[in-house]
>>> print(open('final.cif').read())   # mmCIF, N, CA and C atoms
data_model
#
loop_
_atom_site.label_atom_id
_atom_site.label_comp_id
_atom_site.auth_asym_id
_atom_site.auth_seq_id
_atom_site.Cartn_x
_atom_site.Cartn_y
_atom_site.Cartn_z
N MET A 1 -14.04 -18.92 15.36
CA MET A 1 -15.32 -18.23 15.30
C MET A 1 -16.16 -18.85 14.20
N GLY A 2 -17.42 -19.11 14.50
CA GLY A 2 -18.33 -19.67 13.52
C GLY A 2 -18.97 -18.60 12.69
N GLY A 3 -19.94 -18.99 11.84
CA GLY A 3 -20.62 -18.04 10.98
C GLY A 3 -21.51 -17.08 11.74
N TYR A 4 -21.83 -17.42 12.98
CA TYR A 4 -22.70 -16.58 13.78
C TYR A 4 -21.98 -15.36 14.30
N PHE A 5 -20.68 -15.47 14.48
CA PHE A 5 -19.88 -14.36 14.97
C PHE A 5 -18.84 -13.99 13.93
N THR A 6 -18.47 -12.75 13.90
CA THR A 6 -17.39 -12.27 13.04
C THR A 6 -16.57 -11.28 13.85
N ALA A 7 -15.54 -10.76 13.28
CA ALA A 7 -14.73 -9.77 13.98
C ALA A 7 -14.68 -8.51 13.14
N ARG A 8 -14.72 -7.38 13.80
CA ARG A 8 -14.60 -6.10 13.09
C ARG A 8 -13.67 -5.22 13.89
N LYS A 9 -12.97 -4.35 13.20
CA LYS A 9 -12.03 -3.45 13.87
C LYS A 9 -12.81 -2.40 14.64
N ALA A 10 -12.44 -2.21 15.87
CA ALA A 10 -13.00 -1.13 16.67
C ALA A 10 -12.15 0.11 16.42
N ALA A 11 -12.56 1.25 16.93
CA ALA A 11 -11.82 2.50 16.72
C ALA A 11 -10.38 2.39 17.24
N THR A 12 -10.17 1.51 18.20
CA THR A 12 -8.84 1.35 18.79
C THR A 12 -7.94 0.44 17.97
N GLY A 13 -8.49 -0.21 16.97
CA GLY A 13 -7.71 -1.14 16.17
C GLY A 13 -7.83 -2.57 16.65
N ALA A 14 -8.45 -2.78 17.81
CA ALA A 14 -8.66 -4.13 18.33
C ALA A 14 -9.81 -4.79 17.58
N THR A 15 -9.86 -6.09 17.59
CA THR A 15 -10.99 -6.78 16.98
C THR A 15 -11.94 -7.21 18.08
N ILE A 16 -13.22 -7.17 17.75
CA ILE A 16 -14.23 -7.55 18.74
C ILE A 16 -15.22 -8.49 18.07
N PRO A 17 -15.76 -9.44 18.82
CA PRO A 17 -16.74 -10.35 18.23
C PRO A 17 -18.08 -9.63 18.06
N ILE A 18 -18.78 -9.96 16.99
CA ILE A 18 -20.08 -9.35 16.71
C ILE A 18 -21.09 -10.47 16.50
N ASP A 19 -22.23 -10.32 17.09
CA ASP A 19 -23.35 -11.23 16.88
C ASP A 19 -24.10 -10.71 15.66
N LEU A 20 -23.93 -11.38 14.51
CA LEU A 20 -24.51 -10.88 13.26
C LEU A 20 -26.02 -10.76 13.32
N LYS A 21 -26.68 -11.73 13.94
CA LYS A 21 -28.14 -11.68 14.03
C LYS A 21 -28.58 -10.49 14.86
N LYS A 22 -27.93 -10.28 15.99
CA LYS A 22 -28.27 -9.15 16.86
C LYS A 22 -27.95 -7.83 16.16
N ASP A 23 -26.81 -7.76 15.46
CA ASP A 23 -26.41 -6.56 14.74
C ASP A 23 -27.43 -6.20 13.66
N ALA A 24 -27.91 -7.21 12.93
CA ALA A 24 -28.89 -6.97 11.87
C ALA A 24 -30.20 -6.46 12.46
N LEU A 25 -30.60 -7.02 13.60
CA LEU A 25 -31.84 -6.56 14.25
C LEU A 25 -31.68 -5.12 14.73
N MET A 26 -30.52 -4.78 15.31
CA MET A 26 -30.31 -3.43 15.79
C MET A 26 -30.37 -2.44 14.63
N ALA A 27 -29.75 -2.79 13.50
CA ALA A 27 -29.77 -1.89 12.35
C ALA A 27 -31.19 -1.67 11.86
N ARG A 28 -31.98 -2.73 11.81
CA ARG A 28 -33.39 -2.61 11.38
C ARG A 28 -34.18 -1.76 12.35
N ASP A 29 -33.82 -1.78 13.62
CA ASP A 29 -34.52 -0.99 14.63
C ASP A 29 -34.27 0.50 14.47
N HIS A 30 -33.27 0.89 13.70
CA HIS A 30 -32.89 2.30 13.59
C HIS A 30 -33.11 2.90 12.21
N VAL A 31 -33.42 2.07 11.21
CA VAL A 31 -33.56 2.56 9.84
C VAL A 31 -34.88 2.08 9.26
N GLU A 32 -35.55 2.99 8.54
CA GLU A 32 -36.77 2.61 7.85
C GLU A 32 -36.73 3.09 6.42
N ARG A 33 -37.44 2.37 5.56
CA ARG A 33 -37.51 2.76 4.14
C ARG A 33 -38.73 3.64 3.96
N ARG A 34 -38.53 4.81 3.37
CA ARG A 34 -39.63 5.71 3.02
C ARG A 34 -39.62 5.89 1.51
N GLU A 35 -40.58 6.61 1.01
CA GLU A 35 -40.70 6.81 -0.43
C GLU A 35 -39.43 7.39 -1.05
N THR A 36 -38.77 8.28 -0.33
CA THR A 36 -37.60 8.97 -0.87
C THR A 36 -36.27 8.38 -0.43
N GLY A 37 -36.27 7.26 0.30
CA GLY A 37 -35.01 6.65 0.69
C GLY A 37 -35.06 6.05 2.08
N PHE A 38 -33.89 5.82 2.65
CA PHE A 38 -33.74 5.27 3.99
C PHE A 38 -33.54 6.39 4.99
N TYR A 39 -34.24 6.33 6.11
CA TYR A 39 -34.17 7.36 7.14
C TYR A 39 -33.96 6.72 8.50
N VAL A 40 -33.37 7.50 9.40
CA VAL A 40 -33.26 7.08 10.80
C VAL A 40 -34.67 7.16 11.37
N ILE A 41 -35.13 6.08 11.97
CA ILE A 41 -36.48 6.03 12.52
C ILE A 41 -36.67 7.13 13.56
N GLY A 42 -37.82 7.80 13.48
CA GLY A 42 -38.15 8.85 14.44
C GLY A 42 -37.48 10.17 14.14
N SER A 43 -36.92 10.31 12.93
CA SER A 43 -36.24 11.56 12.58
C SER A 43 -36.50 11.89 11.12
N ARG A 44 -36.01 13.04 10.72
CA ARG A 44 -36.09 13.43 9.31
C ARG A 44 -34.72 13.32 8.66
N VAL A 45 -33.81 12.59 9.30
CA VAL A 45 -32.44 12.47 8.80
C VAL A 45 -32.33 11.27 7.86
N PRO A 46 -32.04 11.52 6.57
CA PRO A 46 -31.79 10.39 5.67
C PRO A 46 -30.43 9.79 5.99
N ILE A 47 -30.32 8.47 5.91
CA ILE A 47 -29.05 7.86 6.31
C ILE A 47 -27.93 8.19 5.33
N ASP A 48 -28.28 8.64 4.11
CA ASP A 48 -27.18 8.97 3.21
C ASP A 48 -26.36 10.15 3.71
N ARG A 49 -26.94 11.04 4.51
CA ARG A 49 -26.17 12.14 5.10
C ARG A 49 -25.13 11.57 6.08
N ILE A 50 -25.57 10.60 6.87
CA ILE A 50 -24.67 9.95 7.84
C ILE A 50 -23.60 9.16 7.10
N ILE A 51 -24.01 8.43 6.07
CA ILE A 51 -23.09 7.56 5.35
C ILE A 51 -22.03 8.36 4.58
N ARG A 52 -22.41 9.50 4.03
CA ARG A 52 -21.41 10.34 3.35
C ARG A 52 -20.30 10.74 4.32
N GLU A 53 -20.68 11.14 5.52
CA GLU A 53 -19.67 11.53 6.51
C GLU A 53 -18.83 10.31 6.92
N TYR A 54 -19.50 9.18 7.11
CA TYR A 54 -18.82 7.94 7.49
C TYR A 54 -17.80 7.54 6.42
N CYS A 55 -18.20 7.61 5.15
CA CYS A 55 -17.30 7.25 4.06
C CYS A 55 -16.16 8.25 3.89
N ASN A 56 -16.35 9.46 4.41
CA ASN A 56 -15.29 10.47 4.38
C ASN A 56 -14.38 10.37 5.60
N GLY A 57 -14.55 9.31 6.40
CA GLY A 57 -13.64 9.06 7.51
C GLY A 57 -14.08 9.55 8.87
N GLU A 58 -15.29 10.11 8.98
CA GLU A 58 -15.77 10.58 10.28
C GLU A 58 -16.17 9.39 11.15
N ASP A 59 -15.90 9.48 12.44
CA ASP A 59 -16.30 8.43 13.36
C ASP A 59 -17.73 8.70 13.84
N PRO A 60 -18.41 7.67 14.36
CA PRO A 60 -19.81 7.83 14.76
C PRO A 60 -20.04 8.96 15.77
N GLU A 61 -19.11 9.16 16.70
CA GLU A 61 -19.28 10.22 17.70
C GLU A 61 -19.29 11.60 17.05
N THR A 62 -18.41 11.81 16.09
CA THR A 62 -18.36 13.09 15.38
C THR A 62 -19.61 13.28 14.55
N ILE A 63 -20.03 12.24 13.85
CA ILE A 63 -21.25 12.33 13.04
C ILE A 63 -22.43 12.67 13.94
N ARG A 64 -22.52 12.03 15.08
CA ARG A 64 -23.60 12.28 16.02
C ARG A 64 -23.63 13.74 16.47
N SER A 65 -22.46 14.33 16.61
CA SER A 65 -22.41 15.74 17.04
C SER A 65 -22.99 16.68 15.99
N HIS A 66 -23.06 16.24 14.74
CA HIS A 66 -23.63 17.05 13.67
C HIS A 66 -25.15 16.94 13.63
N TYR A 67 -25.71 15.96 14.32
CA TYR A 67 -27.15 15.72 14.34
C TYR A 67 -27.62 15.61 15.79
N PRO A 68 -27.84 16.73 16.46
CA PRO A 68 -28.14 16.70 17.90
C PRO A 68 -29.42 15.96 18.26
N THR A 69 -30.31 15.73 17.30
CA THR A 69 -31.54 15.01 17.61
C THR A 69 -31.35 13.50 17.59
N LEU A 70 -30.18 13.03 17.14
CA LEU A 70 -29.91 11.59 17.07
C LEU A 70 -29.05 11.14 18.23
N THR A 71 -29.20 9.88 18.59
CA THR A 71 -28.34 9.27 19.60
C THR A 71 -27.17 8.58 18.89
N LEU A 72 -26.14 8.28 19.65
CA LEU A 72 -25.01 7.53 19.10
C LEU A 72 -25.48 6.16 18.62
N GLU A 73 -26.41 5.57 19.34
CA GLU A 73 -26.96 4.27 18.94
C GLU A 73 -27.65 4.36 17.58
N GLN A 74 -28.38 5.45 17.32
CA GLN A 74 -29.05 5.61 16.02
C GLN A 74 -28.03 5.77 14.90
N VAL A 75 -26.99 6.56 15.13
CA VAL A 75 -25.95 6.75 14.12
C VAL A 75 -25.26 5.43 13.84
N SER A 76 -24.89 4.71 14.88
CA SER A 76 -24.24 3.40 14.71
C SER A 76 -25.17 2.42 14.02
N GLY A 77 -26.46 2.46 14.35
CA GLY A 77 -27.43 1.60 13.69
C GLY A 77 -27.54 1.90 12.21
N ALA A 78 -27.50 3.18 11.84
CA ALA A 78 -27.55 3.56 10.42
C ALA A 78 -26.31 3.05 9.69
N ILE A 79 -25.14 3.17 10.33
CA ILE A 79 -23.90 2.69 9.71
C ILE A 79 -23.94 1.17 9.56
N ASP A 80 -24.40 0.48 10.59
CA ASP A 80 -24.51 -0.99 10.52
C ASP A 80 -25.48 -1.41 9.42
N PHE A 81 -26.60 -0.69 9.30
CA PHE A 81 -27.56 -0.98 8.24
C PHE A 81 -26.90 -0.81 6.88
N TYR A 82 -26.16 0.27 6.71
CA TYR A 82 -25.45 0.51 5.45
C TYR A 82 -24.49 -0.63 5.16
N GLU A 83 -23.71 -1.03 6.15
CA GLU A 83 -22.73 -2.09 5.94
C GLU A 83 -23.39 -3.41 5.51
N SER A 84 -24.59 -3.68 6.02
CA SER A 84 -25.24 -4.94 5.68
C SER A 84 -26.18 -4.83 4.47
N HIS A 85 -26.42 -3.62 3.97
CA HIS A 85 -27.28 -3.40 2.80
C HIS A 85 -26.62 -2.42 1.84
N LYS A 86 -25.32 -2.54 1.71
CA LYS A 86 -24.51 -1.53 0.99
C LYS A 86 -25.01 -1.27 -0.43
N GLU A 87 -25.24 -2.31 -1.20
CA GLU A 87 -25.62 -2.12 -2.60
C GLU A 87 -26.95 -1.38 -2.72
N GLU A 88 -27.93 -1.80 -1.95
CA GLU A 88 -29.25 -1.16 -2.01
C GLU A 88 -29.18 0.30 -1.54
N VAL A 89 -28.46 0.56 -0.46
CA VAL A 89 -28.34 1.93 0.06
C VAL A 89 -27.61 2.81 -0.94
N GLU A 90 -26.56 2.30 -1.55
CA GLU A 90 -25.81 3.10 -2.52
C GLU A 90 -26.65 3.41 -3.76
N GLN A 91 -27.53 2.50 -4.16
CA GLN A 91 -28.43 2.77 -5.27
C GLN A 91 -29.39 3.90 -4.92
N VAL A 92 -29.93 3.87 -3.72
CA VAL A 92 -30.84 4.92 -3.26
C VAL A 92 -30.09 6.26 -3.15
N MET A 93 -28.86 6.21 -2.63
CA MET A 93 -28.07 7.43 -2.51
C MET A 93 -27.78 8.03 -3.89
N ALA A 94 -27.47 7.19 -4.86
CA ALA A 94 -27.20 7.67 -6.22
C ALA A 94 -28.45 8.29 -6.83
N ALA A 95 -29.60 7.68 -6.60
CA ALA A 95 -30.86 8.23 -7.12
C ALA A 95 -31.16 9.59 -6.50
N ARG A 96 -30.93 9.72 -5.18
CA ARG A 96 -31.14 11.00 -4.51
C ARG A 96 -30.19 12.06 -5.07
N ARG A 97 -28.94 11.68 -5.27
CA ARG A 97 -27.95 12.61 -5.80
C ARG A 97 -28.36 13.08 -7.20
N ARG A 98 -28.86 12.15 -8.05
CA ARG A 98 -29.32 12.54 -9.38
C ARG A 98 -30.50 13.50 -9.29
N ALA A 99 -31.44 13.23 -8.38
CA ALA A 99 -32.60 14.11 -8.22
C ALA A 99 -32.17 15.50 -7.74
N GLU A 100 -31.24 15.55 -6.79
CA GLU A 100 -30.73 16.83 -6.29
C GLU A 100 -30.01 17.59 -7.40
N ASP A 101 -29.21 16.89 -8.19
CA ASP A 101 -28.49 17.54 -9.29
C ASP A 101 -29.46 18.08 -10.33
N ALA A 102 -30.51 17.31 -10.62
CA ALA A 102 -31.51 17.77 -11.59
C ALA A 102 -32.24 19.00 -11.07
N TYR A 103 -32.57 19.01 -9.79
CA TYR A 103 -33.24 20.17 -9.21
C TYR A 103 -32.34 21.40 -9.27
N THR A 104 -31.09 21.21 -8.89
CA THR A 104 -30.14 22.33 -8.91
C THR A 104 -29.97 22.87 -10.33
N ALA A 105 -29.88 21.97 -11.30
CA ALA A 105 -29.73 22.41 -12.69
C ALA A 105 -30.97 23.18 -13.17
N GLY A 106 -32.14 22.76 -12.71
CA GLY A 106 -33.38 23.41 -13.11
C GLY A 106 -33.70 24.67 -12.33
N HIS A 107 -33.00 24.90 -11.23
CA HIS A 107 -33.24 26.06 -10.37
C HIS A 107 -31.92 26.73 -10.01
N PRO A 108 -31.24 27.30 -10.99
CA PRO A 108 -29.93 27.90 -10.68
C PRO A 108 -30.08 29.14 -9.81
N ASN A 109 -29.02 29.43 -9.07
CA ASN A 109 -29.00 30.65 -8.26
C ASN A 109 -29.03 31.86 -9.18
N PRO A 110 -29.72 32.93 -8.76
CA PRO A 110 -29.66 34.15 -9.57
C PRO A 110 -28.20 34.59 -9.71
N PRO A 111 -27.83 35.13 -10.86
CA PRO A 111 -26.42 35.44 -11.10
C PRO A 111 -25.82 36.44 -10.12
N ASP A 112 -26.62 37.33 -9.56
CA ASP A 112 -26.07 38.34 -8.67
C ASP A 112 -26.31 38.05 -7.19
N ILE A 113 -26.64 36.82 -6.85
CA ILE A 113 -26.99 36.49 -5.46
C ILE A 113 -25.81 36.68 -4.51
N LYS A 114 -24.60 36.32 -4.93
CA LYS A 114 -23.44 36.48 -4.04
C LYS A 114 -23.22 37.94 -3.70
N GLN A 115 -23.38 38.81 -4.70
CA GLN A 115 -23.21 40.24 -4.45
C GLN A 115 -24.27 40.76 -3.47
N LYS A 116 -25.51 40.30 -3.63
CA LYS A 116 -26.58 40.73 -2.73
C LYS A 116 -26.28 40.31 -1.29
N PHE A 117 -25.86 39.05 -1.12
CA PHE A 117 -25.54 38.58 0.23
C PHE A 117 -24.37 39.33 0.83
N GLU A 118 -23.37 39.62 0.02
CA GLU A 118 -22.21 40.37 0.52
C GLU A 118 -22.63 41.78 0.93
N ARG A 119 -23.47 42.42 0.15
CA ARG A 119 -23.97 43.76 0.48
C ARG A 119 -24.77 43.71 1.79
N MET A 120 -25.61 42.70 1.96
CA MET A 120 -26.39 42.55 3.20
C MET A 120 -25.45 42.34 4.39
N ARG A 121 -24.43 41.52 4.20
CA ARG A 121 -23.46 41.24 5.27
C ARG A 121 -22.75 42.53 5.70
N ARG A 122 -22.35 43.34 4.73
CA ARG A 122 -21.69 44.62 5.05
C ARG A 122 -22.64 45.56 5.79
N GLN A 123 -23.91 45.59 5.38
CA GLN A 123 -24.88 46.46 6.04
C GLN A 123 -25.08 46.04 7.49
N ILE A 124 -25.19 44.75 7.72
CA ILE A 124 -25.38 44.25 9.10
C ILE A 124 -24.15 44.57 9.93
N THR A 125 -22.97 44.36 9.37
CA THR A 125 -21.72 44.63 10.09
C THR A 125 -21.62 46.12 10.43
N SER A 126 -21.98 46.97 9.48
CA SER A 126 -21.88 48.42 9.75
C SER A 126 -22.86 48.88 10.82
N ARG A 127 -24.01 48.24 10.94
CA ARG A 127 -24.99 48.57 11.97
C ARG A 127 -24.50 48.14 13.35
N GLN A 128 -23.73 47.07 13.42
CA GLN A 128 -23.25 46.55 14.69
C GLN A 128 -22.10 47.38 15.25
N THR A 129 -21.43 48.14 14.43
CA THR A 129 -20.28 48.92 14.91
C THR A 129 -20.66 50.33 15.27
#
>>> encode(input="final.cif", output="structure tokens")
Amino acid sequence: MGGYFTARKAATGATIPIDLKKDALMARDHVERRETGFYVIGSRVPIDRIIREYCNGEDPETIRSHYPTLTLEQVSGAIDFYESHKEEVEQVMAARRRAEDAYTAGHPNPPDIKQKFERMRRQITSRQT
């Protein structure tokens, strides 16, 4: 195999040839850079949500089932984009995580929120019976 083709493990454990140029184009067709990070084109889904599941061992079909507005091709395109732009995507993911952590630290849950939700849950349950 030349530099134009490589092999990657499929879900079955078999190796398959990949056209790197075609793969890179497909990934670009499914991911766009926005002010706040990388997103699946035509959606509001940031690819870091997909990549977190992928890095936790989820397969593309399972990830797709968590995002009904996405196609399997879009999920696979996001994963391929991540694989070919790993360092840049991970930097963006880390920045988003820091921003989310800062927001959470600045906006803590009210101390009695769990009790309020539990009380509401009991009230709803008692009305249903």
>>> atom_distance(input="final.cif", atom1="atom CA of Gly77 of chain A", atom2="atom N of His30 of chain A")
5.9 Å
>>> closest_residue(input="final.cif", among="A:Glu53, A:Asp101, A:Asp48, A:Glu35", to="His66 of chain A", atoms="only C-alpha atoms")
A:Glu53
>>> atom_distance(input="final.cif", atom1="atom CA of Asp80 of chain A", atom2="atom CA of Val31 of chain A")
9.7 Å
>>> axis_aligned_box(input="final.cif", around="segment 86-103 of chain A", padding_each_side="8 Å", output="JSON")
{"center_x": -28.9, "center_y": 9.4, "center_z": -4.9, "size_x": 24.7, "size_y": 39.9, "size_z": 29.3}
>>> residues_around(input="final.cif", residues="Tyr39 of chain A", least_positions_apart="5", cutoff="10 Å", atoms="only C-alpha atoms", output="ChimeraX atom specification")
/A:30-34,44-50,78
>>> write_last_selection(input="final.cif", atoms="N, CA and C atoms", output="tab-separated table (two decimals), in the coordinates of the input")
chain	number	residue	atom	x	y	z
A	30	HIS	N	-33.27	0.89	13.70
A	30	HIS	CA	-32.89	2.30	13.59
A	30	HIS	C	-33.11	2.90	12.21
A	31	VAL	N	-33.42	2.07	11.21
A	31	VAL	CA	-33.56	2.56	9.84
A	31	VAL	C	-34.88	2.08	9.26
A	32	GLU	N	-35.55	2.99	8.54
A	32	GLU	CA	-36.77	2.61	7.85
A	32	GLU	C	-36.73	3.09	6.42
A	33	ARG	N	-37.44	2.37	5.56
A	33	ARG	CA	-37.51	2.76	4.14
A	33	ARG	C	-38.73	3.64	3.96
A	34	ARG	N	-38.53	4.81	3.37
A	34	ARG	CA	-39.63	5.71	3.02
A	34	ARG	C	-39.62	5.89	1.51
A	44	ARG	N	-36.01	13.04	10.72
A	44	ARG	CA	-36.09	13.43	9.31
A	44	ARG	C	-34.72	13.32	8.66
A	45	VAL	N	-33.81	12.59	9.30
A	45	VAL	CA	-32.44	12.47	8.80
A	45	VAL	C	-32.33	11.27	7.86
A	46	PRO	N	-32.04	11.52	6.57
A	46	PRO	CA	-31.79	10.39	5.67
A	46	PRO	C	-30.43	9.79	5.99
A	47	ILE	N	-30.32	8.47	5.91
A	47	ILE	CA	-29.05	7.86	6.31
A	47	ILE	C	-27.93	8.19	5.33
A	48	ASP	N	-28.28	8.64	4.11
A	48	ASP	CA	-27.18	8.97	3.21
A	48	ASP	C	-26.36	10.15	3.71
A	49	ARG	N	-26.94	11.04	4.51
A	49	ARG	CA	-26.17	12.14	5.10
A	49	ARG	C	-25.13	11.57	6.08
A	50	ILE	N	-25.57	10.60	6.87
A	50	ILE	CA	-24.67	9.95	7.84
A	50	ILE	C	-23.60	9.16	7.10
A	78	ALA	N	-27.50	3.18	11.84
A	78	ALA	CA	-27.55	3.56	10.42
A	78	ALA	C	-26.31	3.05	9.69
>>> atom_distance(input="final.cif", atom1="atom C of Ser76 of chain A", atom2="atom CA of Gln91 of chain A")
19.6 Å
>>> residues_around(input="final.cif", residues="Val92 of chain A", least_positions_apart="3", cutoff="8 Å", atoms="all atoms listed in the file", output="count of residues only")
12
>>> select_by_dssp(input="final.cif", residues="segment 38-126 of chain A", states="strand (DSSP E or B)", output="PyMOL selection string")
chain A and resi 38-40+46
>>> closest_residue(input="final.cif", among="A:Thr129, A:Gln123, A:Gln74, A:Asn109", to="Ile41 of chain A", atoms="only N, CA and C atoms")
A:Gln74
>>> decode(input="final.cif", residues="segment 56-97 of chain A", atoms="C-alpha atoms", output="PDB file, in the first residue's frame")
ATOM      1  CA  ASN A  56     -15.413   6.199  25.823  1.00  0.00           C
ATOM      2  CA  GLY A  57     -15.721   3.219  23.470  1.00  0.00           C
ATOM      3  CA  GLU A  58     -19.091   3.864  21.811  1.00  0.00           C
ATOM      4  CA  ASP A  59     -19.413   2.800  18.185  1.00  0.00           C
ATOM      5  CA  PRO A  60     -20.755   5.222  15.540  1.00  0.00           C
ATOM      6  CA  GLU A  61     -24.148   3.474  15.345  1.00  0.00           C
ATOM      7  CA  THR A  62     -24.715   3.852  19.089  1.00  0.00           C
ATOM      8  CA  ILE A  63     -23.565   7.475  19.050  1.00  0.00           C
ATOM      9  CA  ARG A  64     -25.937   8.155  16.155  1.00  0.00           C
ATOM     10  CA  SER A  65     -28.826   6.759  18.177  1.00  0.00           C
ATOM     11  CA  HIS A  66     -28.195   9.464  20.790  1.00  0.00           C
ATOM     12  CA  TYR A  67     -28.552  12.211  18.153  1.00  0.00           C
ATOM     13  CA  PRO A  68     -31.655  11.448  16.061  1.00  0.00           C
ATOM     14  CA  THR A  69     -31.151  14.524  13.871  1.00  0.00           C
ATOM     15  CA  LEU A  70     -27.781  13.205  12.627  1.00  0.00           C
ATOM     16  CA  THR A  71     -27.061  10.540  10.051  1.00  0.00           C
ATOM     17  CA  LEU A  72     -24.518   7.775  10.512  1.00  0.00           C
ATOM     18  CA  GLU A  73     -22.487   9.439   7.765  1.00  0.00           C
ATOM     19  CA  GLN A  74     -22.376  12.699   9.772  1.00  0.00           C
ATOM     20  CA  VAL A  75     -21.265  10.899  12.944  1.00  0.00           C
ATOM     21  CA  SER A  76     -18.589   8.988  11.028  1.00  0.00           C
ATOM     22  CA  GLY A  77     -17.503  12.213   9.323  1.00  0.00           C
ATOM     23  CA  ALA A  78     -17.114  13.921  12.713  1.00  0.00           C
ATOM     24  CA  ILE A  79     -15.019  10.997  13.995  1.00  0.00           C
ATOM     25  CA  ASP A  80     -12.868  11.019  10.848  1.00  0.00           C
ATOM     26  CA  PHE A  81     -12.383  14.778  11.203  1.00  0.00           C
ATOM     27  CA  TYR A  82     -11.297  14.274  14.814  1.00  0.00           C
ATOM     28  CA  GLU A  83      -8.844  11.551  13.830  1.00  0.00           C
ATOM     29  CA  SER A  84      -7.217  13.777  11.207  1.00  0.00           C
ATOM     30  CA  HIS A  85      -7.272  16.986  13.331  1.00  0.00           C
ATOM     31  CA  LYS A  86      -6.863  15.458  16.788  1.00  0.00           C
ATOM     32  CA  GLU A  87      -4.610  18.099  18.360  1.00  0.00           C
ATOM     33  CA  GLU A  88      -6.704  21.063  17.219  1.00  0.00           C
ATOM     34  CA  VAL A  89     -10.009  19.408  18.195  1.00  0.00           C
ATOM     35  CA  GLU A  90      -8.686  18.428  21.618  1.00  0.00           C
ATOM     36  CA  GLN A  91      -7.547  22.021  22.232  1.00  0.00           C
ATOM     37  CA  VAL A  92     -11.034  23.288  21.387  1.00  0.00           C
ATOM     38  CA  MET A  93     -12.612  20.588  23.565  1.00  0.00           C
ATOM     39  CA  ALA A  94     -10.377  21.565  26.500  1.00  0.00           C
ATOM     40  CA  ALA A  95     -11.286  25.238  26.070  1.00  0.00           C
ATOM     41  CA  ARG A  96     -15.011  24.375  26.032  1.00  0.00           C
ATOM     42  CA  ARG A  97     -14.590  22.226  29.140  1.00  0.00           C
TER      43      ARG A  97
END
